[in-house]
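K.L.:
To be precise about what I am sending: the file is called target16.cif and holds mmCIF, C-alpha atoms.
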data_run
#
loop_
_atom_site.group_PDB
_atom_site.id
_atom_site.type_symbol
_atom_site.label_atom_id
_atom_site.label_comp_id
_atom_site.auth_asym_id
_atom_site.auth_seq_id
_atom_site.Cartn_x
_atom_site.Cartn_y
_atom_site.Cartn_z
ATOM 1 C CA MET A 1 5.023 1.867 16.975
ATOM 2 C CA LYS A 2 7.819 2.103 14.425
ATOM 3 C CA SER A 3 6.016 0.968 11.259
ATOM 4 C CA LYS A 4 4.224 3.660 9.302
ATOM 5 C CA ILE A 5 0.629 3.405 8.153
ATOM 6 C CA ILE A 6 -0.469 4.107 4.580
ATOM 7 C CA ILE A 7 -4.137 5.049 4.511
ATOM 8 C CA MET A 8 -5.732 3.795 1.321
ATOM 9 C CA LEU A 9 -8.991 5.451 0.309
ATOM 10 C CA THR A 10 -10.187 2.154 -1.119
ATOM 11 C CA HIS A 11 -12.930 -0.340 -0.339
ATOM 12 C CA ASN A 12 -13.749 -3.563 -2.187
ATOM 13 C CA ASP A 13 -10.564 -3.083 -4.240
ATOM 14 C CA GLN A 14 -11.645 0.277 -5.668
ATOM 15 C CA THR A 15 -11.112 3.901 -4.728
ATOM 16 C CA VAL A 16 -14.254 5.169 -3.015
ATOM 17 C CA LYS A 17 -16.322 7.725 -4.902
ATOM 18 C CA ASN A 18 -16.170 10.279 -2.066
ATOM 19 C CA ALA A 19 -12.416 9.915 -1.551
ATOM 20 C CA ILE A 20 -11.800 13.683 -1.749
ATOM 21 C CA GLU A 21 -14.356 14.389 0.955
ATOM 22 C CA VAL A 22 -13.019 11.595 3.171
ATOM 23 C CA PHE A 23 -9.461 12.850 2.812
ATOM 24 C CA ASP A 24 -10.372 16.474 3.506
ATOM 25 C CA ALA A 25 -12.187 15.412 6.670
ATOM 26 C CA CYS A 26 -9.066 13.582 7.934
ATOM 27 C CA LYS A 27 -6.098 15.517 6.525
ATOM 28 C CA ASP A 28 -5.341 17.144 9.885
ATOM 29 C CA LEU A 29 -4.763 13.760 11.561
ATOM 30 C CA ALA A 30 -1.223 12.545 12.226
ATOM 31 C CA VAL A 31 -0.862 10.383 9.109
ATOM 32 C CA ASP A 32 1.736 11.293 6.494
ATOM 33 C CA PHE A 33 1.177 8.502 3.941
ATOM 34 C CA TRP A 34 -2.016 8.408 1.841
ATOM 35 C CA GLY A 35 -2.965 6.553 -1.317
ATOM 36 C CA PHE A 36 -5.602 4.991 -3.517
ATOM 37 C CA LYS A 37 -6.041 2.640 -6.472
ATOM 38 C CA ASP A 38 -6.162 3.405 -10.177
ATOM 39 C CA VAL A 39 -9.771 2.167 -10.402
ATOM 40 C CA GLY A 40 -12.961 3.680 -9.014
ATOM 41 C CA LEU A 41 -12.435 7.362 -9.849
ATOM 42 C CA GLU A 42 -12.244 9.260 -13.129
ATOM 43 C CA LYS A 43 -8.779 10.584 -13.933
ATOM 44 C CA GLU A 44 -9.903 14.179 -13.315
ATOM 45 C CA LYS A 45 -11.052 13.259 -9.807
ATOM 46 C CA MET A 46 -7.802 11.366 -9.174
ATOM 47 C CA ALA A 47 -5.844 14.461 -10.184
ATOM 48 C CA GLU A 48 -7.948 16.603 -7.860
ATOM 49 C CA LEU A 49 -7.445 14.162 -4.984
ATOM 50 C CA ILE A 50 -3.677 14.161 -5.484
ATOM 51 C CA GLN A 51 -3.685 17.964 -5.452
ATOM 52 C CA HIS A 52 -5.516 17.934 -2.114
ATOM 53 C CA MET A 53 -3.009 15.443 -0.673
ATOM 54 C CA LYS A 54 0.028 17.369 -1.869
ATOM 55 C CA ALA A 55 -1.400 20.670 -0.615
ATOM 56 C CA ALA A 56 -1.679 19.026 2.804
ATOM 57 C CA GLY A 57 1.974 17.899 2.656
ATOM 58 C CA LYS A 58 1.263 14.192 2.347
ATOM 59 C CA THR A 59 3.377 11.477 0.699
ATOM 60 C CA THR A 60 1.279 9.787 -1.983
ATOM 61 C CA PHE A 61 0.939 6.167 -3.109
ATOM 62 C CA LEU A 62 -0.794 4.731 -6.172
ATOM 63 C CA GLU A 63 -1.590 1.034 -5.935
ATOM 64 C CA VAL A 64 -2.055 -0.803 -9.226
ATOM 65 C CA VAL A 65 -3.208 -4.423 -9.317
ATOM 66 C CA THR A 66 -2.427 -5.499 -12.883
ATOM 67 C CA TYR A 67 -0.249 -8.193 -14.344
ATOM 68 C CA THR A 68 0.629 -7.720 -18.018
ATOM 69 C CA GLU A 69 3.540 -5.518 -19.022
ATOM 70 C CA GLU A 70 1.226 -3.150 -20.907
ATOM 71 C CA GLU A 71 -1.160 -2.790 -17.965
ATOM 72 C CA CYS A 72 1.686 -2.252 -15.515
ATOM 73 C CA MET A 73 3.248 0.376 -17.764
ATOM 74 C CA ASN A 74 -0.107 2.141 -17.981
ATOM 75 C CA GLY A 75 -0.137 2.271 -14.185
ATOM 76 C CA ALA A 76 3.384 3.690 -14.160
ATOM 77 C CA LYS A 77 2.420 6.351 -16.693
ATOM 78 C CA LEU A 78 -0.591 7.317 -14.588
ATOM 79 C CA ALA A 79 1.634 7.636 -11.499
ATOM 80 C CA VAL A 80 3.966 9.941 -13.418
ATOM 81 C CA GLU A 81 1.170 11.983 -14.992
ATOM 82 C CA LEU A 82 -0.572 12.636 -11.690
ATOM 83 C CA GLY A 83 2.634 13.187 -9.706
ATOM 84 C CA PHE A 84 2.553 10.366 -7.177
ATOM 85 C CA ASP A 85 5.560 9.787 -4.944
ATOM 86 C CA TYR A 86 5.289 5.966 -5.031
ATOM 87 C CA LEU A 87 3.851 3.293 -7.299
ATOM 88 C CA MET A 88 2.830 0.178 -5.361
ATOM 89 C CA GLY A 89 1.904 -3.140 -6.916
ATOM 90 C CA THR A 90 2.177 -4.406 -10.489
ATOM 91 C CA LEU A 91 4.295 -7.348 -11.429
ATOM 92 C CA PHE A 92 7.906 -6.290 -11.921
ATOM 93 C CA TYR A 93 9.052 -5.472 -15.434
ATOM 94 C CA ASP A 94 12.417 -3.920 -16.264
ATOM 95 C CA SER A 95 10.667 -1.498 -18.614
ATOM 96 C CA VAL A 96 8.326 -0.266 -15.884
ATOM 97 C CA TYR A 97 11.173 0.127 -13.413
ATOM 98 C CA ALA A 98 13.301 2.052 -15.923
ATOM 99 C CA TYR A 99 10.396 4.376 -16.733
ATOM 100 C CA LEU A 100 9.687 5.125 -13.073
ATOM 101 C CA LYS A 101 13.364 5.641 -12.298
ATOM 102 C CA GLU A 102 13.648 8.090 -15.188
ATOM 103 C CA HIS A 103 10.767 10.091 -13.727
ATOM 104 C CA GLU A 104 12.000 9.800 -10.115
ATOM 105 C CA ILE A 105 9.001 7.895 -8.784
ATOM 106 C CA LYS A 106 9.696 5.209 -6.204
ATOM 107 C CA TYR A 107 8.634 1.664 -6.998
ATOM 108 C CA LEU A 108 7.297 -1.027 -4.659
ATOM 109 C CA PRO A 109 6.327 -4.009 -6.875
ATOM 110 C CA PHE A 110 4.606 -7.207 -5.802
ATOM 111 C CA CYS A 111 6.800 -10.218 -5.103
ATOM 112 C CA GLY A 112 5.954 -13.868 -5.523
ATOM 113 C CA LYS A 113 3.288 -15.303 -7.819
ATOM 114 C CA VAL A 114 0.409 -12.816 -7.699
ATOM 115 C CA SER A 115 -2.765 -13.319 -9.716
ATOM 116 C CA GLY A 116 -6.507 -12.767 -9.733
ATOM 117 C CA SER A 117 -8.797 -10.060 -8.401
ATOM 118 C CA PRO A 118 -8.912 -9.887 -5.428
ATOM 119 C CA SER A 119 -5.257 -10.842 -5.567
ATOM 120 C CA VAL A 120 -3.904 -14.171 -4.400
ATOM 121 C CA LEU A 121 -0.236 -14.680 -3.484
ATOM 122 C CA GLU A 122 1.262 -18.112 -4.095
ATOM 123 C CA GLY A 123 4.666 -19.719 -3.721
ATOM 124 C CA SER A 124 6.902 -21.019 -0.981
ATOM 125 C CA PHE A 125 8.466 -18.591 1.466
ATOM 126 C CA GLU A 126 11.839 -19.259 -0.130
ATOM 127 C CA GLU A 127 10.517 -18.488 -3.633
ATOM 128 C CA ILE A 128 8.793 -15.283 -2.532
ATOM 129 C CA ILE A 129 11.836 -13.997 -0.636
ATOM 130 C CA LYS A 130 14.161 -14.916 -3.507
ATOM 131 C CA ASP A 131 11.938 -13.007 -5.939
ATOM 132 C CA ALA A 132 11.945 -9.962 -3.660
ATOM 133 C CA ASN A 133 15.720 -10.025 -3.302
ATOM 134 C CA THR A 134 16.165 -10.253 -7.067
ATOM 135 C CA MET A 135 14.151 -7.070 -7.542
ATOM 136 C CA LEU A 136 15.835 -5.307 -4.635
ATOM 137 C CA GLU A 137 19.233 -6.124 -6.121
ATOM 138 C CA LYS A 138 18.090 -4.411 -9.320
ATOM 139 C CA GLY A 139 17.423 -1.286 -7.296
ATOM 140 C CA VAL A 140 13.685 -1.083 -6.575
ATOM 141 C CA ASP A 141 12.861 1.016 -3.532
ATOM 142 C CA GLY A 142 11.031 -1.711 -1.643
ATOM 143 C CA ILE A 143 8.435 -4.465 -1.959
ATOM 144 C CA ASP A 144 4.642 -4.653 -1.782
ATOM 145 C CA LEU A 145 4.024 -7.921 0.083
ATOM 146 C CA LEU A 146 0.471 -9.293 -0.066
ATOM 147 C CA ALA A 147 1.202 -11.440 2.959
ATOM 148 C CA PHE A 148 -2.357 -12.038 4.086
ATOM 149 C CA ARG A 149 -3.407 -13.022 0.563
ATOM 150 C CA HIS A 150 -1.159 -16.081 1.075
ATOM 151 C CA GLU A 151 -2.491 -19.196 2.798
ATOM 152 C CA GLN A 152 0.208 -18.813 5.468
ATOM 153 C CA GLY A 153 0.052 -15.029 5.738
ATOM 154 C CA ALA A 154 1.297 -14.353 9.254
ATOM 155 C CA GLU A 155 4.128 -16.872 9.024
ATOM 156 C CA LEU A 156 5.187 -15.494 5.642
ATOM 157 C CA ALA A 157 5.182 -11.900 6.884
ATOM 158 C CA ARG A 158 7.240 -12.845 9.940
ATOM 159 C CA GLU A 159 9.857 -14.762 7.968
ATOM 160 C CA TYR A 160 10.085 -12.116 5.252
ATOM 161 C CA CYS A 161 10.670 -9.288 7.729
ATOM 162 C CA ALA A 162 13.271 -11.362 9.559
ATOM 163 C CA LYS A 163 15.248 -12.150 6.413
ATOM 164 C CA VAL A 164 14.932 -9.051 4.190
ATOM 165 C CA ASP A 165 16.408 -5.839 5.542
ATOM 166 C CA LYS A 166 14.844 -3.489 2.984
ATOM 167 C CA PRO A 167 11.607 -1.473 2.982
ATOM 168 C CA VAL A 168 8.489 -3.615 2.700
ATOM 169 C CA VAL A 169 4.817 -2.707 2.838
ATOM 170 C CA ILE A 170 2.490 -5.358 4.256
ATOM 171 C CA ALA A 171 -0.571 -4.677 2.111
ATOM 172 C CA GLY A 172 -4.089 -5.789 2.885
ATOM 173 C CA SER A 173 -6.111 -7.328 5.728
ATOM 174 C CA ILE A 174 -4.688 -5.338 8.655
ATOM 175 C CA ASN A 175 -8.138 -5.075 10.168
ATOM 176 C CA SER A 176 -7.892 -5.437 13.956
ATOM 177 C CA GLU A 177 -5.848 -4.347 16.934
ATOM 178 C CA ALA A 178 -4.372 -7.852 17.054
ATOM 179 C CA ARG A 179 -3.125 -7.494 13.470
ATOM 180 C CA ILE A 180 -1.677 -4.038 14.235
ATOM 181 C CA SER A 181 0.160 -5.510 17.228
ATOM 182 C CA PHE A 182 1.474 -8.327 15.045
ATOM 183 C CA VAL A 183 2.733 -5.818 12.473
ATOM 184 C CA ASN A 184 4.498 -3.922 15.241
ATOM 185 C CA GLU A 185 6.156 -7.148 16.352
ATOM 186 C CA ILE A 186 7.577 -8.011 12.918
ATOM 187 C CA ASN A 187 8.341 -4.336 12.156
ATOM 188 C CA PRO A 188 7.943 -3.781 8.394
ATOM 189 C CA TRP A 189 8.623 -0.323 6.985
ATOM 190 C CA ALA A 190 4.884 0.284 6.521
ATOM 191 C CA PHE A 191 1.476 -1.334 6.187
ATOM 192 C CA THR A 192 -1.710 -0.333 4.396
ATOM 193 C CA MET A 193 -5.200 0.071 5.766
ATOM 194 C CA GLY A 194 -8.373 1.022 3.943
ATOM 195 C CA SER A 195 -11.407 -1.248 3.992
ATOM 196 C CA ALA A 196 -11.222 -1.808 7.765
ATOM 197 C CA LEU A 197 -11.790 1.919 8.269
ATOM 198 C CA PHE A 198 -14.745 2.050 5.899
ATOM 199 C CA THR A 199 -16.305 -0.992 7.594
ATOM 200 C CA GLU A 200 -15.649 0.700 10.963
ATOM 201 C CA ASN A 201 -13.814 -2.226 12.568
ATOM 202 C CA PHE A 202 -12.312 -0.106 15.345
ATOM 203 C CA ALA A 203 -15.152 2.242 16.338
ATOM 204 C CA PRO A 204 -18.391 0.721 15.008
ATOM 205 C CA GLY A 205 -20.948 3.287 13.948
ATOM 206 C CA ASP A 206 -18.635 6.284 14.372
ATOM 207 C CA GLY A 207 -17.473 6.844 10.789
ATOM 208 C CA PHE A 208 -14.148 6.816 8.950
ATOM 209 C CA ARG A 209 -12.419 9.641 10.834
ATOM 210 C CA GLU A 210 -13.116 8.257 14.294
ATOM 211 C CA ASN A 211 -11.990 4.801 13.216
ATOM 212 C CA LEU A 212 -8.740 6.239 11.903
ATOM 213 C CA GLN A 213 -8.239 8.197 15.114
ATOM 214 C CA GLU A 214 -8.726 4.974 17.093
ATOM 215 C CA VAL A 215 -6.010 3.297 14.984
ATOM 216 C CA ILE A 216 -3.628 6.240 15.472
ATOM 217 C CA ASP A 217 -4.222 6.219 19.232
ATOM 218 C CA TYR A 218 -3.645 2.468 19.417
ATOM 219 C CA MET A 219 -0.432 2.699 17.409
ATOM 220 C CA ASN A 220 0.817 5.448 19.704
ATOM 221 C CA GLU A 221 0.204 3.241 22.734
ATOM 222 C CA ILE A 222 2.431 0.462 21.400
ATOM 223 C CA LYS A 223 5.981 0.734 22.701
#
Using the file provided, produce a representation of the structure as structure tokens.

P.N.:
Amino acid sequence: MKSKIIIMLTHNDQTVKNAIEVFDACKDLAVDFWGFKDVGLEKEKMAELIQHMKAAGKTTFLEVVTYTEEECMNGAKLAVELGFDYLMGTLFYDSVYAYLKEHEIKYLPFCGKVSGSPSVLEGSFEEIIKDANTMLEKGVDGIDLLAFRHEQGAELAREYCAKVDKPVVIAGSINSEARISFVNEINPWAFTMGSALFTENFAPGDGFRENLQEVIDYMNEIK
């Protein structure tokens, strides 16, 4: 499978309290991309978790689900302070992009009309793709597409990947082998997975690590 997986140590839209322990138990597995949200852990614990990830040679992602310019800038400042490689999410603001570019952190903002918590994505396919292209033309490193938070999620993801030849992360609701196969078919740069591992969708009763191993094995089987 060509698309990469970003393992998010999040459940119910928050970083899990035992994220450090979960990561340490899985850091030897063949996953290079790891991340979490800016809510759920104290800043000191977030800093410790990032240190563990970097010591293990991982590429790190902070996902921020906020909408005002001030909130989005706060997320950007946290990403810089803790030394993340990527900031995912936030609505796009020129000020946030300029700040991240200055500090050499890659930026993958939401596209389309995103609101609420949990997030909802609205807009026509044309509007969402146009919004993404506008940001990509400004120089952002890619897009965080909440495809399955849209009422036509699969169709949107397929059309987006067919029409936009730039990195995109399909974020949220990849929770079955069928969804993994679909992602492989449309071939985004990456996709996120978190809650489905904590709810043990792939190996019921076997814990987070075994569920992640099942996902890795399945991805490796896909040609």

K.L.:
Using the chain letters and numbering of this document, enumerate as a list in words the residues selected by the PyMOL selection byres ((chain A and resi 36-53) around 6).

P.N.:
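Output of the PyMOL selection byres ((chain A and resi 36-53) around 6): Met8, Leu9, Thr10, Gln14, Thr15, Ile20, Gly35, Lys54, Ala55, Ala56, Lys58, Leu62, Glu63, Val64 and Leu82 of chain A.
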
K.L.:
Which neighbours of Leu121 in chain A fall inside 12 Å, counting only C-alpha atoms, when residues of the same chain fewer than 5 positions from it are skipped, and could you give them as a PyMOL selection string?

P.N.:
chain A and resi 91+110-116+127-128+144-153+156+171-172

K.L.:
Compute the distance from (11.7, 10.2, -11.6) to each atom, counting all atoms listed in the file, keep the residues with any atom at most 12 Å away, and return them as a PDB file with C-alpha atoms, in the coordinates of the input; use the coordinates of the file.

P.N.:
ATOM      1  CA  ALA A  76       3.384   3.690 -14.160  1.00  0.00           C
ATOM      2  CA  LYS A  77       2.420   6.351 -16.693  1.00  0.00           C
ATOM      3  CA  ALA A  79       1.634   7.636 -11.499  1.00  0.00           C
ATOM      4  CA  VAL A  80       3.966   9.941 -13.418  1.00  0.00           C
ATOM      5  CA  GLU A  81       1.170  11.983 -14.992  1.00  0.00           C
ATOM      6  CA  GLY A  83       2.634  13.187  -9.706  1.00  0.00           C
ATOM      7  CA  PHE A  84       2.553  10.366  -7.177  1.00  0.00           C
ATOM      8  CA  ASP A  85       5.560   9.787  -4.944  1.00  0.00           C
ATOM      9  CA  TYR A  86       5.289   5.966  -5.031  1.00  0.00           C
ATOM     10  CA  LEU A  87       3.851   3.293  -7.299  1.00  0.00           C
ATOM     11  CA  VAL A  96       8.326  -0.266 -15.884  1.00  0.00           C
ATOM     12  CA  TYR A  97      11.173   0.127 -13.413  1.00  0.00           C
ATOM     13  CA  ALA A  98      13.301   2.052 -15.923  1.00  0.00           C
ATOM     14  CA  TYR A  99      10.396   4.376 -16.733  1.00  0.00           C
ATOM     15  CA  LEU A 100       9.687   5.125 -13.073  1.00  0.00           C
ATOM     16  CA  LYS A 101      13.364   5.641 -12.298  1.00  0.00           C
ATOM     17  CA  GLU A 102      13.648   8.090 -15.188  1.00  0.00           C
ATOM     18  CA  HIS A 103      10.767  10.091 -13.727  1.00  0.00           C
ATOM     19  CA  GLU A 104      12.000   9.800 -10.115  1.00  0.00           C
ATOM     20  CA  ILE A 105       9.001   7.895  -8.784  1.00  0.00           C
ATOM     21  CA  LYS A 106       9.696   5.209  -6.204  1.00  0.00           C
ATOM     22  CA  TYR A 107       8.634   1.664  -6.998  1.00  0.00           C
TER      23      TYR A 107
END

K.L.:
Would you kindly translate the PyMOL selection byres ((chain A and resi 211) around 12) into the concrete residues it picks from this file, as an MDAnalysis selection string?

P.N.:
chainID A and resid 7 26 29 175:177 193:210 212:218

K.L.:
Residues picked by the PyMOL selection byres ((chain A and resi 70) around 12) here, as a list in words?

P.N.:
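This file, filtered by the PyMOL selection byres ((chain A and resi 70) around 12), leaves Thr66, Tyr67, Thr68, Glu69, Glu71, Cys72, Met73, Asn74, Gly75, Ala76, Lys77, Thr90, Leu91, Phe92, Tyr93, Ser95 and Val96 of chain A.
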
K.L.:
Separation of CA of Ala157 in chain A and CA of Val183 in chain A, in Å?

P.N.:
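Between CA of Ala157 in chain A and CA of Val183 in chain A the gap works out to 8.6 Å.
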
K.L.:
Let me make sure I understand: among A:Cys161, A:Leu78, A:Val31, A:Ile186, which one has the smallest atom-to-atom distance to Lys4 in chain A if we use all atoms listed in the file?

P.N.:
A:Val31

K.L.:
What gap, in Å, lies between CA of Pro167 in chain A and CA of Gly142 in chain A?

P.N.:
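Value for the CA of Pro167 in chain A-CA of Gly142 in chain A distance: 4.7 Å.
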
K.L.:
As an exercise, work out the distance from CA of Gly57 in chain A to CA of Asp13 in chain A in Å and give it to one decimal place.

P.N.:
25.4 Å

K.L.:
Using all atoms listed in the file, can you tell me which of A:Val169, A:Val65, A:Ala132, A:Val16 comes closest to Asn187 in chain A?

P.N.:
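Closest residue, counting all atoms listed in the file: A:Val169.
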
K.L.:
For each of A:Thr192, A:Val140, A:Ala30, A:Gly123, take the minimum atom-to-atom distance to Phe61 in chain A, counting all atoms listed in the file, then give the residue where this is smallest.

P.N.:
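Of A:Thr192, A:Val140, A:Ala30, A:Gly123, the one nearest Phe61 in chain A is A:Thr192, counting all atoms listed in the file.
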
K.L.:
List the spatial neighbours of Ser3 in chain A as a ChimeraX atom specification - criterion: any atom at most 8 Å away, all atoms listed in the file, same-chain residues fewer than 6 positions off excluded.

P.N.:
/A:183-184,187-191

K.L.:
I'd like to know which of A:Lys2, A:Lys27, A:Arg158, A:His11 is closest to Ser173 in chain A, using all atoms listed in the file.

P.N.:
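Checking each of A:Lys2, A:Lys27, A:Arg158, A:His11 against Ser173 in chain A, counting all atoms listed in the file, the winner is A:His11.
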
K.L.:
With distances taken over all atoms listed in the file, which residue among A:Ala19, A:Thr59, A:Asp131, A:Asn12 lies nearest Phe33 in chain A?

P.N.:
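So, comparing all the options, the nearest one is A:Thr59.
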
K.L.:
Pick from A:Ile222, A:Met1, A:Met135, A:Val120: nearest to Val164 in chain A, with all atoms listed in the file counted?

P.N.:
A:Met135

K.L.:
So for range 22-39 of chain A, what box centre and size do we get, axis-aligned, 6 Å extra on each of the six sides, every listed atom, Å to one decimal, as JSON?

P.N.:
{"center_x": -5.6, "center_y": 9.7, "center_z": 0.9, "size_x": 26.8, "size_y": 27.0, "size_z": 34.6}
